[in-house]
Every structure is written in C-alpha cells, then in structure tokens.
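Working notes, beginning with the structure itself.
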Amino acid sequence: MAFGEKKSFFTKLKEGLSKTKNDMVGKIEDVILRRPEIDEVFLEELEEALILSDIGMDTTQKIIDRLRVDIKQQKLATPEAVNEGIRSIITDILTEDKPDTALTDEVPLVILMIGVNGAGKTTSMAKIAHMLKEQGKSVMFAAADTFRAAAIEQLEIWGNRTDVPVIRHNEGADPSAVIFDAIKAAQARNIDVLICDTAGRLQNKKNLMNELAKMYRVIGREYPEAALETLLVLDAATGKNAVQQAKEFGEVAELTGIVLTKLDGTAKGGIVITLADQFGVPVKFIGVGEGMDDLQVFNPEDFANALFL
C-alpha cells in the first residue's frame, strides 16, 4: 500500500471514530485531569469512565487489572503514561490470540452474510463486492433473504450499482434453493466469490438455526472446493446490544468474522474492544461512512491509534 493511500485511509478512520474518541477518550482524559495522583480512587474513576464508554464490565476489569500491574511495577508513573498504557492494552486486546482479521484470499469463496434487519447487511455486501472487484475478483450475489419484503429488490439495486449479477427466486422461496442455484451459476461462470444474503430472524432462533444448517449442508455438498466465510453484521450504534447479538448468532452459526457498521454515526465505538475481548471471532471490517470505500478492513493498531493519538 502506498504511503499516501495509507494516510488517507487512516484519516478517514480517525474522522469516522471522532464521536467515539470525543466520548471515550474525553472521559479518560477528564479522569486524568481531575486526579493527577495515580491511586485506587484514580483507577476506580477510570473504570467507571471505560464502562460508560460501552466497554463491557469484564473487558474493563481486564484493562484496569493490567494497568494496576504496570503501575505497581512503576512502568506508568504519570497520568500521561497511563493514557499511553490504556492505548497499549487496548491494542493488545484487539490483537492477542485472534485469528487473521483479513478475509481469506482463497477462491472460490462463499461468504454468508448474517445479522438482524437494519444492521447494514445488504450495503455491506455491496461494499465488500466493490472491494473484491477492485482486487480483480469476480463476484456474484445470492438473494437468500426471501423472508423480508423488498430484500430481493434492494439487493438487485446494489447489484446494478456494483455490476454484480444477482441470483434470485421469488419472495417466500426456500433460501437454500436460492443458494443451490447461485452455486451452480457461480460454477458455470467461474465466479471467484459468491456473497449470500440471509434473513435476520433472531427472534426465532430454532428456525434460523435450521435454515443456516441447511445452507451449510448445501454449500458443503454442492461446492466442497469453496472456502467459506460467515460474517456477522452488527450496527455499532446498538452498543451493548451488539454484544448480545454476537453471542446469540454465535450459538447458531459458524462465525468467521464480524462486520461492524455505522461507527461514524455513534459514540459507541468502544464496543469493538468488547467484541474482540469476549468472542474468539475477529472483527474483519468496520464501516466509517456511507461511501463505497468507507467499509475498511479492520486494523487493530490503526483503530487504537485513531482513538488515542
């Protein structure tokens, strides 16, 4: 990646995270300014600031415990050093023991997109397709959300905009039948990546589990040579609800990555840290704007630096 491209990418990320930075880092800096002495009261106030920034309690406790150790070892002697210590710990949480955050380069590839309605599944599909096409890969969409009214038409609009063919049936059709036909079309046309939309019906978990299990069976039987990614799309603005959704979808699907959308419109970006800490599933993409290039491959170091530097 060219230096100039990296800079603009980071600038966009920093701009997209400005609300989270103002909220989370602002709360941390308030504690640092109010309490120049680093003691237990300082750590208690810091803990409260992190929890109020949509970082979960368990993750906050982990950050505070590690800070306490560093303070005792006199690695962090000033409030400014504590700020840098938090950045370093958050970077560690985002990176340690995590599978690769990049989408697999293997082709053919099938990507199942799952998540509740309104999280940004369809637009994320279009942005991922745009990204893959810029890498020289051929892409096809499968309109397997046959449950939600207008889902198929919405995907066809994005297909036209991105010049990606859409395999569809009528509303109410069997989603696995759509995926079956899409696989056959992708094989016939030698398509690199097949991206499949799915219905986001978390309220009926048993039906969703059965539906996804059937899709996995069809893909495994009809397309054994294909690599498989299952990406969960979460709306960052839902804050701690996104963590609950990740937990529930993780019980019914074989998740390989998370797409976190709408980070630019919320101060709840601290949720990225909780998701990385609480689940063994990497955040693979983050959305920081409405443009086609505003869904970015998640880089943990860049994320932490955009917040704290």
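Going through the structure tokens in order, the chains are called A, B, and so on, while each chain numbers its residues from 1 and the ligands are numbered from 1 in the order shown.
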
Filtered DSSP result for region 199-243 of chain A, state strand (DSSP E), as JSON, numbers by chain: {"A": [227, 228, 229, 230, 231, 232, 233, 234, 235]}

Output file for the selection above: N, CA and C atoms, as an mmCIF file, in the first residue's frame:
data_model
loop_
_atom_site.group_PDB
_atom_site.id
_atom_site.type_symbol
_atom_site.label_atom_id
_atom_site.label_comp_id
_atom_site.auth_asym_id
_atom_site.auth_seq_id
_atom_site.Cartn_x
_atom_site.Cartn_y
_atom_site.Cartn_z
ATOM 1 N N ALA A 227 -13.888 -22.202 -0.278
ATOM 2 C CA ALA A 227 -13.668 -21.745 1.098
ATOM 3 C C ALA A 227 -14.961 -21.077 1.567
ATOM 4 N N LEU A 228 -15.160 -21.015 2.886
ATOM 5 C CA LEU A 228 -16.407 -20.463 3.424
ATOM 6 C C LEU A 228 -16.122 -19.459 4.530
ATOM 7 N N GLU A 229 -16.743 -18.294 4.415
ATOM 8 C CA GLU A 229 -16.713 -17.282 5.485
ATOM 9 C C GLU A 229 -18.163 -17.013 5.893
ATOM 10 N N THR A 230 -18.399 -16.916 7.203
ATOM 11 C CA THR A 230 -19.701 -16.481 7.709
ATOM 12 C C THR A 230 -19.479 -15.194 8.486
ATOM 13 N N LEU A 231 -19.960 -14.095 7.920
ATOM 14 C CA LEU A 231 -19.723 -12.769 8.506
ATOM 15 C C LEU A 231 -20.987 -12.260 9.190
ATOM 16 N N LEU A 232 -20.863 -11.912 10.459
ATOM 17 C CA LEU A 232 -21.972 -11.339 11.217
ATOM 18 C C LEU A 232 -21.894 -9.821 11.124
ATOM 19 N N VAL A 233 -22.971 -9.199 10.646
ATOM 20 C CA VAL A 233 -23.027 -7.743 10.507
ATOM 21 C C VAL A 233 -23.738 -7.161 11.725
ATOM 22 N N LEU A 234 -23.047 -6.257 12.418
ATOM 23 C CA LEU A 234 -23.584 -5.617 13.623
ATOM 24 C C LEU A 234 -23.565 -4.104 13.456
ATOM 25 N N ASP A 235 -24.602 -3.457 13.958
ATOM 26 C CA ASP A 235 -24.700 -1.993 13.938
ATOM 27 C C ASP A 235 -24.036 -1.461 15.209
#

Selection: 7 Å around region 56-60 of chain A, only C-alpha atoms, excl. self and same-chain fewer than 4 positions, as a list of chain:residue names: A:Glu47, A:Leu50, A:Ile51, A:Ile64, A:Thr274, A:Asp277

Output of the above residues as a compact mmCIF listing (two decimals), in the first residue's frame, restricted to C-alpha atoms:
# COMPACT_ATOMS: atom_id res chain seq x y z
CA GLU A 47 -13.02 2.02 35.46
CA LEU A 50 -14.46 2.88 30.49
CA ILE A 51 -17.78 1.22 31.39
CA ILE A 64 -7.81 -1.99 34.95
CA THR A 274 -15.56 -5.71 23.98
CA ASP A 277 -12.20 -9.46 24.03

Using only C-alpha atoms, can you tell me which of A:Ile71, A:Ile114, A:Ile93, A:Met209 comes closest to Leu275 (chain A)? A:Ile93

Considering only C-alpha atoms, state which residue in the set A:Pro108, A:Pro300, A:Gly280, A:Gly239 is at the smallest distance from Ala267 (chain A).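 For Ala267 (chain A), the nearest of the candidates is A:Gly239.
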
Write out as a compact mmCIF listing (two decimals) with C-alpha atoms, in the first residue's frame the residues lying within 10 Å of region 125-129 of chain A, counting only C-alpha atoms and excluding same-chain residues fewer than 2 positions away.
# COMPACT_ATOMS: atom_id res chain seq x y z
CA LEU A 103 -10.83 -12.10 4.55
CA ILE A 111 -19.50 -15.61 2.06
CA LEU A 112 -22.68 -15.95 4.13
CA MET A 113 -23.82 -12.58 5.48
CA GLY A 120 -26.47 -2.92 7.18
CA LYS A 121 -26.10 -6.42 5.66
CA THR A 122 -27.05 -5.52 2.10
CA THR A 123 -24.96 -2.36 1.88
CA MET A 131 -13.52 -4.07 -2.59
CA LEU A 132 -13.15 -7.57 -4.09
CA LYS A 133 -13.73 -6.30 -7.64
CA GLU A 134 -11.00 -3.70 -7.14
CA GLN A 135 -8.72 -6.65 -6.31
CA LYS A 137 -12.01 -10.80 -8.41
CA SER A 138 -15.35 -11.70 -9.98
CA VAL A 139 -18.35 -11.55 -7.63
CA MET A 140 -21.94 -12.83 -7.60
CA PHE A 141 -24.80 -12.20 -5.15
CA LEU A 155 -30.05 -6.42 -3.35
CA ILE A 157 -30.41 -2.34 -6.85
CA TRP A 158 -26.96 -2.82 -5.29
CA GLY A 159 -26.17 -5.48 -7.88
CA ARG A 161 -24.83 -0.27 -8.97
CA THR A 162 -21.81 -2.53 -8.48
CA ASP A 163 -22.27 -4.50 -11.74
CA VAL A 164 -22.63 -7.76 -9.80
CA VAL A 193 -16.64 -15.02 -4.74
CA LEU A 194 -20.32 -15.77 -4.10
CA ILE A 195 -21.83 -13.49 -1.42
CA CYS A 196 -25.13 -14.68 0.06
CA ASP A 197 -27.70 -12.51 1.82
CA VAL A 233 -23.03 -7.74 10.51
CA PHE A 285 -14.44 -4.93 8.56
CA GLY A 287 -17.87 0.91 8.41
CA GLU A 290 -21.69 5.81 3.55
CA GLY A 291 -19.32 5.77 0.56
CA MET A 292 -18.33 2.57 -1.24
CA ASP A 293 -14.77 2.91 0.08
CA ASP A 294 -15.89 3.58 3.66
CA LEU A 295 -16.04 -0.08 4.68
CA GLN A 296 -12.47 -0.73 5.73
CA VAL A 297 -10.51 -3.85 6.58

Using only C-alpha atoms, determine which residues lie at most 12 Å from Arg35 (chain A), disregarding the query and same-chain residues fewer than 5 positions distant; provide the list as a list of chain:residue names.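 Near Arg35 (chain A), the qualifying residues are A:Ile28, A:Glu29, A:Asp30, A:Glu40, A:Val41, A:Phe42, A:Leu43, A:Glu44, A:Glu45, A:Leu46, A:Thr78, A:Pro79, A:Glu80, A:Val82.
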
Written selection (C-alpha atoms) as an mmCIF file, in the first residue's frame:
data_model
loop_
_atom_site.group_PDB
_atom_site.id
_atom_site.type_symbol
_atom_site.label_atom_id
_atom_site.label_comp_id
_atom_site.auth_asym_id
_atom_site.auth_seq_id
_atom_site.Cartn_x
_atom_site.Cartn_y
_atom_site.Cartn_z
ATOM 1 C CA ILE A 28 -10.481 9.099 30.277
ATOM 2 C CA GLU A 29 -8.782 12.494 29.940
ATOM 3 C CA ASP A 30 -11.302 14.026 32.361
ATOM 4 C CA GLU A 40 -7.036 3.389 43.760
ATOM 5 C CA VAL A 41 -9.551 6.248 43.533
ATOM 6 C CA PHE A 42 -7.974 7.191 40.173
ATOM 7 C CA LEU A 43 -8.366 3.593 38.946
ATOM 8 C CA GLU A 44 -11.983 3.421 40.184
ATOM 9 C CA GLU A 45 -12.886 6.584 38.281
ATOM 10 C CA LEU A 46 -11.058 5.273 35.214
ATOM 11 C CA THR A 78 2.349 9.843 35.246
ATOM 12 C CA PRO A 79 -1.255 10.316 34.075
ATOM 13 C CA GLU A 80 0.049 10.742 30.502
ATOM 14 C CA VAL A 82 -1.456 5.845 31.965
#

Using only C-alpha atoms: which of A:Ala102, A:Ala246, A:Ala81, A:Leu76 has the shortest distance to Phe298 (chain A):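 Residue with the minimum atom-to-atom distance to Phe298 (chain A): A:Ala102.
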
Which residues come within 8 Å of region 216-224 of chain A, counting only C-alpha atoms, excluding same-chain residues fewer than 5 positions away, as a list in words? Ser176, Ile179, Phe180 and Ile183 of chain A

Emit the selected residues as a PDB file, in the first residue's frame, including C-alpha atoms.
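Final file, selection.pdb:
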ATOM      1  CA  SER A 176     -31.234 -22.929   0.412  1.00  0.00           C
ATOM      2  CA  ILE A 179     -28.049 -20.741  -2.699  1.00  0.00           C
ATOM      3  CA  PHE A 180     -28.116 -24.026  -4.651  1.00  0.00           C
ATOM      4  CA  ILE A 183     -23.655 -22.096  -6.608  1.00  0.00           C
TER       5      ILE A 183
END
